[in-house]
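Text of input-v5.cif, listed as mmCIF, C-alpha atoms:
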data_start
loop_
_atom_site.label_atom_id
_atom_site.label_comp_id
_atom_site.auth_asym_id
_atom_site.auth_seq_id
_atom_site.Cartn_x
_atom_site.Cartn_y
_atom_site.Cartn_z
CA MET A 16 9.29 -10.79 10.38
CA ALA A 17 9.19 -9.09 13.78
CA PHE A 18 9.81 -5.43 14.51
CA GLN A 19 13.39 -4.60 15.56
CA GLU A 20 15.35 -1.55 16.71
CA THR A 21 17.48 -1.72 13.53
CA ALA A 22 16.66 -3.14 10.11
CA THR A 23 18.04 -3.61 6.63
CA VAL A 24 16.95 -5.28 3.42
CA LEU A 25 18.21 -8.68 2.36
CA GLY A 26 21.81 -8.45 1.13
CA ALA A 27 22.42 -4.79 2.02
CA SER A 28 25.45 -3.82 4.09
CA THR A 29 23.84 -0.69 5.57
CA THR A 30 21.59 -0.90 8.63
CA TYR A 31 19.02 1.73 9.57
CA LYS A 32 17.17 2.77 12.71
CA LEU A 33 14.43 5.29 13.39
CA ALA A 34 15.67 8.80 14.10
CA SER A 35 14.66 10.50 17.32
CA THR A 36 13.01 13.20 15.18
CA ALA A 37 10.61 10.70 13.54
CA LYS A 38 7.03 11.50 14.48
CA ARG A 39 3.59 10.46 13.25
CA TYR A 40 3.20 13.53 11.05
CA THR A 41 6.72 13.10 9.66
CA LEU A 42 5.88 9.57 8.59
CA ARG A 43 2.61 10.67 6.97
CA ASP A 44 4.30 13.59 5.19
CA ASN A 45 6.72 11.12 3.60
CA GLY A 46 4.14 8.72 2.19
CA PHE A 47 3.56 6.33 5.09
CA THR A 48 -0.05 5.31 5.67
CA GLU A 49 -1.55 4.18 8.95
CA THR A 50 -2.69 0.55 8.96
CA SER A 51 -5.76 -0.76 10.79
CA SER A 52 -3.51 -1.93 13.65
CA GLY A 53 -2.01 1.55 14.06
CA ASN A 54 1.36 0.83 12.44
CA PHE A 55 2.75 2.96 9.62
CA GLN A 56 3.55 1.37 6.27
CA LEU A 57 5.22 2.54 3.09
CA ILE A 58 5.27 0.53 -0.14
CA ARG A 59 7.29 2.21 -2.87
CA PRO A 60 8.26 0.69 -6.25
CA LEU A 61 11.97 0.62 -7.07
CA GLU A 62 11.31 0.64 -10.81
CA ALA A 63 11.22 3.75 -12.97
CA THR A 64 7.44 3.80 -13.42
CA PRO A 65 5.40 3.91 -10.18
CA GLN A 66 2.23 2.80 -11.99
CA SER A 67 3.87 -0.48 -13.02
CA LYS A 68 2.31 -3.63 -11.58
CA GLU A 69 5.57 -5.53 -11.92
CA GLY A 70 9.04 -5.08 -10.51
CA PHE A 71 10.39 -4.91 -6.98
CA LYS A 72 8.98 -2.83 -4.14
CA LEU A 73 10.51 -1.37 -1.01
CA LYS A 74 8.29 -2.13 1.97
CA ILE A 75 8.92 -0.39 5.32
CA THR A 76 6.70 -0.80 8.37
CA VAL A 77 7.09 1.25 11.56
CA ASP A 78 5.35 0.17 14.76
CA LYS A 79 2.62 2.36 16.24
CA ASN A 80 4.93 3.58 19.04
CA ILE A 81 7.48 4.74 16.43
CA GLN A 82 10.24 2.79 18.18
CA LYS A 83 10.85 -0.24 15.96
CA LEU A 84 10.71 -1.05 12.25
CA LYS A 85 11.03 -3.74 9.63
CA MET A 86 11.91 -3.40 5.96
CA SER A 87 12.30 -5.54 2.89
CA VAL A 88 12.43 -5.46 -0.88
CA THR A 89 9.69 -7.70 -2.22
CA THR A 90 8.36 -9.03 -5.48
CA ALA A 91 5.55 -7.10 -7.17
CA ASN A 92 2.87 -8.98 -5.25
CA GLY A 93 4.68 -8.36 -1.94
CA LEU A 94 4.79 -12.00 -0.91
CA LYS A 95 8.49 -12.84 -1.24
CA ALA A 96 11.59 -10.95 -0.07
CA VAL A 97 14.20 -10.40 -2.78
CA ASN A 98 17.95 -9.78 -2.59
CA ILE A 99 18.59 -6.92 -5.07
CA PHE A 100 22.31 -7.00 -4.18
CA LYS A 101 22.82 -10.57 -5.32
CA ASN A 102 22.36 -10.05 -9.06
CA LYS A 103 24.35 -6.77 -9.18
CA ASN A 104 21.41 -4.75 -10.48
CA GLU A 105 22.93 -1.31 -9.91
CA LEU A 106 19.81 0.60 -10.95
CA LEU A 107 17.68 -1.02 -8.23
CA GLN A 108 20.44 -0.61 -5.65
CA GLU A 109 20.88 3.05 -6.57
CA GLN A 110 17.13 3.67 -6.30
CA PHE A 111 17.03 1.95 -2.87
CA TYR A 112 19.89 4.06 -1.51
CA PHE A 113 18.39 7.22 -3.02
CA LEU A 114 15.08 6.61 -1.23
CA MET A 115 16.77 5.80 2.08
CA ASP A 116 19.06 8.85 1.84
CA SER A 117 16.05 11.08 1.23
CA PHE A 118 14.36 9.63 4.34
CA ILE A 119 17.54 10.31 6.34
CA GLU A 120 17.59 13.93 5.14
CA ARG A 121 13.96 14.33 6.23
CA GLY A 122 14.69 13.06 9.74
CA LEU A 123 13.02 9.65 9.56
CA PHE A 124 15.96 7.27 9.69
CA GLU A 125 19.62 7.16 10.71
CA LYS A 126 22.39 4.87 9.51
CA VAL A 127 23.80 2.59 12.20
#

Whole structure given in structure tokens:
Amino acid sequence: MAFQETATVLGASTTYKLASTAKRYTLRDNGFTETSSGNFQLIRPLEATPQSKEGFKLKITVDKNIQKLKMSVTTANGLKAVNIFKNKNELLQEQFYFLMDSFIERGLFEKV
């Protein structure tokens, strides 16, 4: 999956883009880690227990210039994208929107 100006997860109707206020320190303050290639990545479980090795994970990667991003909800091992909106699992959907709304409030993302 290539970096794009706007991104969404599989099955979601809402699209997001990076806010103009998003900076390196803002990303780090919100749990993003810098990869060896200079990009910023966040992997956050959507299940109730963060220590769990199973369940779905939200994966967001921002390019090193903080201009483009990609995001997906993956299986526990991170290898396959999953559509959490297909099976009407409201708990996972609610957790996804809660996380994204908190990132919007902190100036990382904007809804398109």

Given all atoms listed in the file, how would the per-residue table for stretch 101-121 of chain A near stretch 22-34 of chain A read, listing every residue at most 10 Å away with its closest atom pair and distance in Å to one decimal, sorted by chain and number, as a tab-separated table?
residue	atom	partner	partner_atom	distance
A:Lys101	CA	A:Gly26	CA	6.9
A:Gln108	CA	A:Ala27	CA	9.0
A:Phe111	CA	A:Val24	CA	9.6
A:Tyr112	CA	A:Thr29	CA	9.4
A:Met115	CA	A:Tyr31	CA	8.8
A:Phe118	CA	A:Ala34	CA	9.9
A:Ile119	CA	A:Ala34	CA	8.1
A:Arg121	CA	A:Ala34	CA	9.8

Quiz prompt | Residue among A:Phe71, A:Glu125, A:Leu114, A:Phe55 lying closest to A:Thr41, counting only C-alpha atoms | solution =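 Looking only at the distances to A:Thr41, the closest residue turns out to be A:Phe55.
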
Quiz item: Residues at most 10 Å from A:Leu57, counting all atoms listed in the file, excluding those fewer than 4 positions away in the same chain, as a PyMOL selection string?
Solution: chain A and resi 42-43+45-49+72-77+86

Quiz item: Rounded to one decimal in Å, what is the spacing between atom CA of A:Asp44 and atom CA of A:Glu120?
Solution: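 Computing it gives 13.3 Å between the two atoms.
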
Would you kindly return, as a PDB file with C-alpha atoms, keeping the file's coordinate frame, each protein, DNA or RNA residue with an atom no farther than 12 Å from any atom of A:Gln110, considering all atoms listed in the file and excluding same-chain residues fewer than 4 positions away?
ATOM      1  CA  ARG A  59       7.290   2.210  -2.870  1.00  0.00           C
ATOM      2  CA  PRO A  60       8.260   0.690  -6.250  1.00  0.00           C
ATOM      3  CA  LEU A  61      11.970   0.620  -7.070  1.00  0.00           C
ATOM      4  CA  GLU A  62      11.310   0.640 -10.810  1.00  0.00           C
ATOM      5  CA  ALA A  63      11.220   3.750 -12.970  1.00  0.00           C
ATOM      6  CA  PHE A  71      10.390  -4.910  -6.980  1.00  0.00           C
ATOM      7  CA  LYS A  72       8.980  -2.830  -4.140  1.00  0.00           C
ATOM      8  CA  LEU A  73      10.510  -1.370  -1.010  1.00  0.00           C
ATOM      9  CA  VAL A  88      12.430  -5.460  -0.880  1.00  0.00           C
ATOM     10  CA  ILE A  99      18.590  -6.920  -5.070  1.00  0.00           C
ATOM     11  CA  ASN A 104      21.410  -4.750 -10.480  1.00  0.00           C
ATOM     12  CA  GLU A 105      22.930  -1.310  -9.910  1.00  0.00           C
ATOM     13  CA  LEU A 106      19.810   0.600 -10.950  1.00  0.00           C
ATOM     14  CA  LEU A 114      15.080   6.610  -1.230  1.00  0.00           C
ATOM     15  CA  MET A 115      16.770   5.800   2.080  1.00  0.00           C
ATOM     16  CA  ASP A 116      19.060   8.850   1.840  1.00  0.00           C
ATOM     17  CA  SER A 117      16.050  11.080   1.230  1.00  0.00           C
TER      18      SER A 117
END

Quiz item: Quick one: residues within 9 Å of A:Asp78, only C-alpha atoms counted, chain neighbours fewer than 6 positions away excluded, as a ChimeraX atom specification?
Solution: /A:18,53-56,84-85

Could you write out as lines of an AutoDock Vina configuration file the box around stretch 81-87 of chain A (axis-aligned, all atoms listed in the file, 3 Å on each side), with centre and edge lengths in Å to one decimal?
center_x = 9.9
center_y = -0.4
center_z = 10.5
size_x = 10.8
size_y = 16.3
size_z = 21.3

Practice problem: Please measure the separation of atom CA of A:Thr21 and atom CA of A:Ser52, giving the value in Å to one decimal. | Solution: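 Calculated distance between atom CA of A:Thr21 and atom CA of A:Ser52 is 21.0 Å.
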
Quiz item: Which distance in Å separates atom CA of A:Lys95 and atom CA of A:Glu109, to one decimal?
Solution: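 We find that atom CA of A:Lys95 and atom CA of A:Glu109 lie 20.8 Å from each other.
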
Quiz item: From the list A:Val127, A:Leu94, A:Ala37, A:Leu107, which residue is nearest A:Asn80 when using all atoms listed in the file?
Solution: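 Among the listed residues, A:Ala37 lies closest to A:Asn80.
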
Practice problem: May I ask which of the residues A:Met16, A:Phe113, A:Ser35, A:Ser51 is the closest one to A:Lys79, counting only C-alpha atoms? | Solution: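 Nearest candidate to A:Lys79 out of A:Met16, A:Phe113, A:Ser35, A:Ser51: A:Ser51.
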